[in-house]
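J.: Structure below; questions to follow.
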Amino acid sequence: MSALTADAVRAAAERLHGEVIDTPCLVSRTLSSLVGCEVFLKFENHQFTASFKERGALNRMAQLTPEERAAGVLAVSAGNHAQGVAYHAQRMGIPATIVMPRFASSVKIDNTRRFGATVVLEGDTFDDARAHGLALAQQRGLTLIHPYDDVEVAAGQGTIALEMLAEQPQIDTLLIAVGGGGLIAGMATAARSVKPGLEVYGVQTERFPPVWNARHGGDLECGQATIADGIAVKSPGALTLPVILDQVADVLLVGEDDIEQAMLMLLEIEKTVVEGAGAVGLAALLKHRERFAGRKVGLVLCGGNIEPMLLAEIIERGMVKSGRLARLRLDVRDVPGALADMARLLGQLGANINELQHQRAFSSLSVERVQVEVVVQTRGVEHIEQILAALCERGYRAQRIA
């Protein structure tokens, strides 16, 4: 296996010029003020397939022989690499077979099929799908386009770093999501060739920490699932891991709540949709802000493919955590007009009612009273406290229960 070099990344940049989007890398003044360092965002979620993955896929497929192109390619992917391979295979007239886990995102499955690829759903995890895909590629004589453990794939991903430093040369730190390691290996190789003093940090989820284990000598076990499904890889690449251990300053871990918070902040502040893996860099920056104080930090918003219902759930959960959505329980007299009076008072206090549950039978209250649970939109935690105080002053026994 040939080595990953900065020259390979530069060659990839030439191949990809005009074939993929040179996405913007912009400073976020709001995030910068919140975390105490200068934050630069690389919007790879603006690629046509909404992910950086098409860079590596195209760089690898551009070098296929005519015989390999005619036979076709195969990729194993949870979604973003699948779309990148399928899209560029369609553009190049190459037959593509994509093996995905059965529980891959339906958005990613549908998008992959839309690009004309044959999609095979196999296994409950990425590793199950990979085993099936390797066997299928050998059986059918297809060229495997690996999602990360391939020099040309990693070199294609590394072009992101060249673009970032060309547009924002002041960047001195990169925080990069790590699954199999293709993105961080390529970017670290490229970035440090341009700016040797630049520091690169990897980010993994607490549920899938194999590279963190390798870096820290740990033995944390992998979980079953994470909201950052794009980096839910149990074993890093044989090519990429040595590069990470050599070129990367440290690997940090973030939890599911950290990722959800970062996704919501990017949506609210930057008006941009990212999937879980696309938010882990910001999640790490928020969690370890003291470590990066005063630096000029580049983050890659590496993907934006997310199920609409999952995004809606994250938004709602975020509103609850921030106090902008609250469930209140009130003890109300069971007489005509009592509910109307309560609703009118909540409206006067600036609380907008989302839902209301009126409970008589399943309550320990006396029969002349009822328990009411109401979900209200508010302006935040302080506003909730004001509402509760005002309700108590008007004779209601009220408490926040969520």
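By convention here, the chains of the structure tokens are called A, B, ... in the order presented, each chain's residues are numbered starting at 1, and ligands are numbered starting at 1 in the order presented.
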May I have the residues within 9 Å of Glu38 in chain A as a count of residues only, using only C-alpha atoms and disregarding those fewer than 5 positions away in the same chain?
T.: 13
J.: Identify, on the basis of only C-alpha atoms, every residue whose closest approach to Lys321 in chain A does not exceed 12 Å; exclude the query and any residue fewer than 6 positions from it along the same chain; express the result as a PDB file with N, CA and C atoms, in the first residue's frame.
T.:
```pdb
ATOM      1  N   ASP A 257     -25.597  14.321  23.917  1.00  0.00           N
ATOM      2  CA  ASP A 257     -26.169  15.638  24.229  1.00  0.00           C
ATOM      3  C   ASP A 257     -25.320  16.761  23.663  1.00  0.00           C
ATOM      4  N   ASP A 258     -23.986  16.584  23.713  1.00  0.00           N
ATOM      5  CA  ASP A 258     -23.084  17.591  23.153  1.00  0.00           C
ATOM      6  C   ASP A 258     -23.343  17.783  21.663  1.00  0.00           C
ATOM      7  N   GLU A 260     -26.123  16.988  19.925  1.00  0.00           N
ATOM      8  CA  GLU A 260     -27.438  17.597  19.689  1.00  0.00           C
ATOM      9  C   GLU A 260     -27.386  19.105  19.888  1.00  0.00           C
ATOM     10  N   GLN A 261     -26.711  19.547  20.942  1.00  0.00           N
ATOM     11  CA  GLN A 261     -26.600  20.982  21.204  1.00  0.00           C
ATOM     12  C   GLN A 261     -25.898  21.685  20.052  1.00  0.00           C
ATOM     13  N   LEU A 264     -28.117  21.985  16.945  1.00  0.00           N
ATOM     14  CA  LEU A 264     -29.133  23.024  17.113  1.00  0.00           C
ATOM     15  C   LEU A 264     -28.528  24.420  17.014  1.00  0.00           C
ATOM     16  N   ILE A 314     -34.735  16.686  17.456  1.00  0.00           N
ATOM     17  CA  ILE A 314     -33.596  17.378  18.052  1.00  0.00           C
ATOM     18  C   ILE A 314     -33.963  18.828  18.371  1.00  0.00           C
ATOM     19  N   ILE A 315     -34.681  19.460  17.460  1.00  0.00           N
ATOM     20  CA  ILE A 315     -35.106  20.839  17.699  1.00  0.00           C
ATOM     21  C   ILE A 315     -36.002  20.915  18.931  1.00  0.00           C
ATOM     22  N   ARG A 327     -43.203  21.757  30.198  1.00  0.00           N
ATOM     23  CA  ARG A 327     -44.434  21.082  30.606  1.00  0.00           C
ATOM     24  C   ARG A 327     -44.721  21.481  32.050  1.00  0.00           C
ATOM     25  N   THR A 378     -42.105  29.239  25.741  1.00  0.00           N
ATOM     26  CA  THR A 378     -41.720  30.378  26.574  1.00  0.00           C
ATOM     27  C   THR A 378     -40.454  31.021  26.006  1.00  0.00           C
ATOM     28  N   GLY A 380     -37.657  31.178  27.809  1.00  0.00           N
ATOM     29  CA  GLY A 380     -36.500  30.596  28.477  1.00  0.00           C
ATOM     30  C   GLY A 380     -36.782  30.304  29.935  1.00  0.00           C
ATOM     31  N   VAL A 381     -35.736  29.851  30.648  1.00  0.00           N
ATOM     32  CA  VAL A 381     -35.876  29.402  32.039  1.00  0.00           C
ATOM     33  C   VAL A 381     -36.376  30.524  32.944  1.00  0.00           C
ATOM     34  N   ALA A 402     -41.140  19.209  33.321  1.00  0.00           N
ATOM     35  CA  ALA A 402     -40.193  18.869  32.239  1.00  0.00           C
ATOM     36  C   ALA A 402     -39.835  20.130  31.485  1.00  0.00           C
TER      37      ALA A 402
END
```
J.: Report as a Markdown table the residues of range 18-120 of chain A within 7 Å of range 131-151 of chain A, each with its shortest atom pair and distance in Å (one decimal), using only C-alpha atoms, ordered by chain and increasing residue number.
T.:
```
| residue | atom | partner | partner_atom | distance |
| --- | --- | --- | --- | --- |
| A:Ala57 | CA | A:Ile145 | CA | 6.9 |
| A:Glu68 | CA | A:Thr143 | CA | 6.5 |
| A:Ala71 | CA | A:Leu142 | CA | 6.0 |
| A:Gly72 | CA | A:Leu142 | CA | 5.4 |
| A:Val73 | CA | A:Thr143 | CA | 4.6 |
| A:Leu74 | CA | A:Leu144 | CA | 4.9 |
| A:Ala75 | CA | A:Ile145 | CA | 5.1 |
| A:Val76 | CA | A:Gly133 | CA | 6.0 |
| A:Ser77 | CA | A:Pro147 | CA | 6.9 |
| A:His81 | CA | A:Pro147 | CA | 6.0 |
| A:Val99 | CA | A:Gly133 | CA | 5.8 |
```
J.: I'd like to know which residues of range 210-320 of chain A are strand (DSSP E or B) (by DSSP, run on the backbone); could you write them as a list in words?
T.: Asp250, Val251, Leu252, Leu253, Val254, Lys296, Val297, Gly298, Leu299, Val300 and Gly303 of chain A
J.: Using N, CA and C atoms, can you export the residues from the last selection as a PDB file, in the first residue's frame?
T.:
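Okay, again.pdb is ready:
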```pdb
ATOM      1  N   ASP A 250      -4.267  15.272  19.320  1.00  0.00           N
ATOM      2  CA  ASP A 250      -5.062  14.548  20.313  1.00  0.00           C
ATOM      3  C   ASP A 250      -6.402  14.179  19.678  1.00  0.00           C
ATOM      4  N   VAL A 251      -7.077  13.251  20.325  1.00  0.00           N
ATOM      5  CA  VAL A 251      -8.431  12.862  19.931  1.00  0.00           C
ATOM      6  C   VAL A 251      -9.337  13.105  21.130  1.00  0.00           C
ATOM      7  N   LEU A 252     -10.439  13.807  20.908  1.00  0.00           N
ATOM      8  CA  LEU A 252     -11.376  14.177  21.966  1.00  0.00           C
ATOM      9  C   LEU A 252     -12.677  13.418  21.794  1.00  0.00           C
ATOM     10  N   LEU A 253     -13.390  13.241  22.897  1.00  0.00           N
ATOM     11  CA  LEU A 253     -14.678  12.553  22.871  1.00  0.00           C
ATOM     12  C   LEU A 253     -15.812  13.525  23.198  1.00  0.00           C
ATOM     13  N   VAL A 254     -16.947  13.301  22.562  1.00  0.00           N
ATOM     14  CA  VAL A 254     -18.150  14.087  22.849  1.00  0.00           C
ATOM     15  C   VAL A 254     -19.332  13.135  23.026  1.00  0.00           C
ATOM     16  N   LYS A 296      -7.372  30.139  16.405  1.00  0.00           N
ATOM     17  CA  LYS A 296      -8.140  30.321  15.175  1.00  0.00           C
ATOM     18  C   LYS A 296      -8.455  28.919  14.659  1.00  0.00           C
ATOM     19  N   VAL A 297      -9.681  28.485  14.937  1.00  0.00           N
ATOM     20  CA  VAL A 297     -10.051  27.075  14.800  1.00  0.00           C
ATOM     21  C   VAL A 297     -10.931  26.842  13.580  1.00  0.00           C
ATOM     22  N   GLY A 298     -10.515  25.890  12.746  1.00  0.00           N
ATOM     23  CA  GLY A 298     -11.305  25.507  11.586  1.00  0.00           C
ATOM     24  C   GLY A 298     -12.107  24.251  11.861  1.00  0.00           C
ATOM     25  N   LEU A 299     -13.406  24.313  11.563  1.00  0.00           N
ATOM     26  CA  LEU A 299     -14.304  23.177  11.720  1.00  0.00           C
ATOM     27  C   LEU A 299     -14.865  22.796  10.359  1.00  0.00           C
ATOM     28  N   VAL A 300     -15.004  21.504  10.124  1.00  0.00           N
ATOM     29  CA  VAL A 300     -15.583  21.025   8.866  1.00  0.00           C
ATOM     30  C   VAL A 300     -17.005  20.546   9.127  1.00  0.00           C
ATOM     31  N   GLY A 303     -21.187  16.996   6.746  1.00  0.00           N
ATOM     32  CA  GLY A 303     -22.352  16.408   6.108  1.00  0.00           C
ATOM     33  C   GLY A 303     -23.643  17.026   6.594  1.00  0.00           C
TER      34      GLY A 303
END
```
J.: Can you tell me how far CA of Val200 in chain A sits from CA of Leu239 in chain A, in Å to one decimal?
T.: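 Computing the Euclidean distance for CA of Val200 in chain A and CA of Leu239 in chain A yields 17.7 Å.
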J.: Between CA of Gly123 in chain A and CA of Ile176 in chain A, what is the distance in Å, rounded to a tenth?
T.: 28.0 Å
J.: Excluding Ala70 in chain A and residues on its chain fewer than 4 positions from it, collect all residues at most 12 Å away from it, counting only C-alpha atoms, and give them as a PDB file with C-alpha atoms, in the first residue's frame.
T.:
```pdb
ATOM      1  CA  MET A  61     -12.769   6.587  -9.568  1.00  0.00           C
ATOM      2  CA  LEU A  64      -9.839   3.547 -12.769  1.00  0.00           C
ATOM      3  CA  THR A  65      -8.692   1.720 -15.881  1.00  0.00           C
ATOM      4  CA  PRO A  66     -11.152   1.370 -18.786  1.00  0.00           C
ATOM      5  CA  ALA A  89     -20.389   6.873 -11.026  1.00  0.00           C
ATOM      6  CA  MET A  92     -18.920   8.877 -15.430  1.00  0.00           C
ATOM      7  CA  GLY A  93     -21.128   6.098 -16.797  1.00  0.00           C
ATOM      8  CA  ILE A  94     -19.797   3.504 -14.340  1.00  0.00           C
ATOM      9  CA  PRO A  95     -22.161   0.819 -12.948  1.00  0.00           C
ATOM     10  CA  ALA A  96     -22.302   1.110  -9.135  1.00  0.00           C
ATOM     11  CA  GLY A 141     -15.260  -8.685 -10.109  1.00  0.00           C
ATOM     12  CA  LEU A 142     -16.103  -5.156  -8.976  1.00  0.00           C
ATOM     13  CA  THR A 143     -13.571  -2.542  -7.889  1.00  0.00           C
TER      14      THR A 143
END
```
J.: Could you check which of A:Gln157, A:Gln377, A:Gln348, A:Gln247 is closest to Leu198 in chain A, using only C-alpha atoms?
T.: A:Gln247
J.: Within 12 Å of range 241-246 of chain A, counting only C-alpha atoms, which residues show up once you throw out same-chain ones fewer than 6 positions away? Write them as a ChimeraX atom specification, please.
T.: /A:3-5,148-151,154,176-190,192,199-203,210-217,235
J.: Could those residues be written to a file, using C-alpha atoms, as a PDB file, in the first residue's frame?
T.:
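Output (again_36.pdb):
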```pdb
ATOM      1  CA  ALA A   3       1.890   6.130   1.489  1.00  0.00           C
ATOM      2  CA  LEU A   4      -0.423   9.101   1.843  1.00  0.00           C
ATOM      3  CA  THR A   5       1.527  12.229   0.901  1.00  0.00           C
ATOM      4  CA  TYR A 148     -11.594   5.667   4.078  1.00  0.00           C
ATOM      5  CA  ASP A 149      -8.788   3.076   3.964  1.00  0.00           C
ATOM      6  CA  ASP A 150      -7.463   4.029   0.526  1.00  0.00           C
ATOM      7  CA  VAL A 151      -4.681   6.482  -0.340  1.00  0.00           C
ATOM      8  CA  ALA A 154      -7.962   9.994   1.791  1.00  0.00           C
ATOM      9  CA  ILE A 176     -12.093  17.086  12.540  1.00  0.00           C
ATOM     10  CA  ALA A 177     -14.614  14.258  12.890  1.00  0.00           C
ATOM     11  CA  VAL A 178     -13.073  10.778  12.952  1.00  0.00           C
ATOM     12  CA  GLY A 179     -14.772   7.587  11.839  1.00  0.00           C
ATOM     13  CA  GLY A 180     -12.514   5.393   9.741  1.00  0.00           C
ATOM     14  CA  GLY A 181      -9.994   8.210   9.557  1.00  0.00           C
ATOM     15  CA  GLY A 182      -9.870   9.118   5.855  1.00  0.00           C
ATOM     16  CA  LEU A 183     -10.913  12.736   6.363  1.00  0.00           C
ATOM     17  CA  ILE A 184      -8.552  13.533   9.219  1.00  0.00           C
ATOM     18  CA  ALA A 185      -5.611  11.620   7.714  1.00  0.00           C
ATOM     19  CA  GLY A 186      -5.939  13.447   4.407  1.00  0.00           C
ATOM     20  CA  MET A 187      -6.517  16.848   5.983  1.00  0.00           C
ATOM     21  CA  ALA A 188      -3.704  16.510   8.537  1.00  0.00           C
ATOM     22  CA  THR A 189      -1.249  15.458   5.819  1.00  0.00           C
ATOM     23  CA  ALA A 190      -2.218  18.383   3.598  1.00  0.00           C
ATOM     24  CA  ARG A 192       0.729  20.346   8.013  1.00  0.00           C
ATOM     25  CA  GLU A 199      -2.394  21.497  15.206  1.00  0.00           C
ATOM     26  CA  VAL A 200      -4.996  18.915  14.246  1.00  0.00           C
ATOM     27  CA  TYR A 201      -7.445  17.384  16.721  1.00  0.00           C
ATOM     28  CA  GLY A 202      -9.773  14.490  16.053  1.00  0.00           C
ATOM     29  CA  VAL A 203     -13.250  14.101  17.506  1.00  0.00           C
ATOM     30  CA  PRO A 210     -11.645   3.266  18.720  1.00  0.00           C
ATOM     31  CA  VAL A 211      -9.209   5.970  17.597  1.00  0.00           C
ATOM     32  CA  TRP A 212      -9.393   7.608  21.022  1.00  0.00           C
ATOM     33  CA  ASN A 213      -8.540   4.185  22.476  1.00  0.00           C
ATOM     34  CA  ALA A 214      -5.554   3.856  20.159  1.00  0.00           C
ATOM     35  CA  ARG A 215      -4.334   7.370  20.984  1.00  0.00           C
ATOM     36  CA  HIS A 216      -4.797   7.068  24.754  1.00  0.00           C
ATOM     37  CA  GLY A 217      -4.244   3.374  25.347  1.00  0.00           C
ATOM     38  CA  SER A 235     -12.177  -0.180  13.495  1.00  0.00           C
TER      39      SER A 235
END
```
J.: Which residues, written as a list in words, have at least one atom at most 7 Å from Lys108 in chain A, with only C-alpha atoms counted and residues fewer than 4 positions away on the same chain left out?
T.: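 Contacts, with the query itself left out: Gly79, Asn80, Thr112 and Asn305 of chain A.
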J.: Choose the residue, out of A:Leu26, A:Ile401, A:Ala13, A:Met100, that has the smallest atom-to-atom separation from Val376 in chain A; count only C-alpha atoms.
T.: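 Checking each of A:Leu26, A:Ile401, A:Ala13, A:Met100 against Val376 in chain A, counting only C-alpha atoms, the winner is A:Ile401.
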J.: Which residue gives the smallest distance to Leu34 in chain A among A:Arg317, A:Lys234, A:Arg69, A:Lys287, with only C-alpha atoms counted?
T.: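 Once distances to Leu34 in chain A are computed over only C-alpha atoms, the minimum belongs to A:Lys287.
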J.: CA of Ala312 in chain A and CA of Arg329 in chain A, how far apart in Å?
T.: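 Interatomic distance, CA of Arg329 in chain A to CA of Ala312 in chain A: 24.6 Å.
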J.: Find the residues near Ser51 in chain A: any atom within 12 Å, counting only C-alpha atoms, skip ones fewer than 5 places away on the same chain, and give them as a VMD selection string.
T.: chain A and resid 20 to 21 23 42 to 46 56 to 57 79 to 85 87 108 157 160 183 230 273 to 275 277 to 278 300 to 306
J.: I'd like the neighbourhood of Gln224 in chain A as a list of chain:residue names, where a residue qualifies if any of its atoms comes within 12 Å (using only C-alpha atoms), though same-chain residues fewer than 4 positions away should be ignored.
T.: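 The contact residues come out as A:Phe103, A:Asp124, A:Thr125, A:Phe126, A:Asp127, A:Thr205, A:Glu206, A:Arg207, A:Phe208, A:Ala228, A:Asp229, A:Ala232, A:Val233, A:Lys234.
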J.: Give the alpha helix (DSSP H) residues of range 147-312 of chain A, as assigned by DSSP on the backbone, as a PyMOL selection string.
T.: chain A and resi 151-167+182-194+210-216+240-247+256-269+276-287+308-312
J.: Choose the residue, out of A:Ile227, A:Val39, A:Cys222, A:Ile269, that has the smallest atom-to-atom separation from Leu282 in chain A; count only C-alpha atoms.
T.: A:Val39
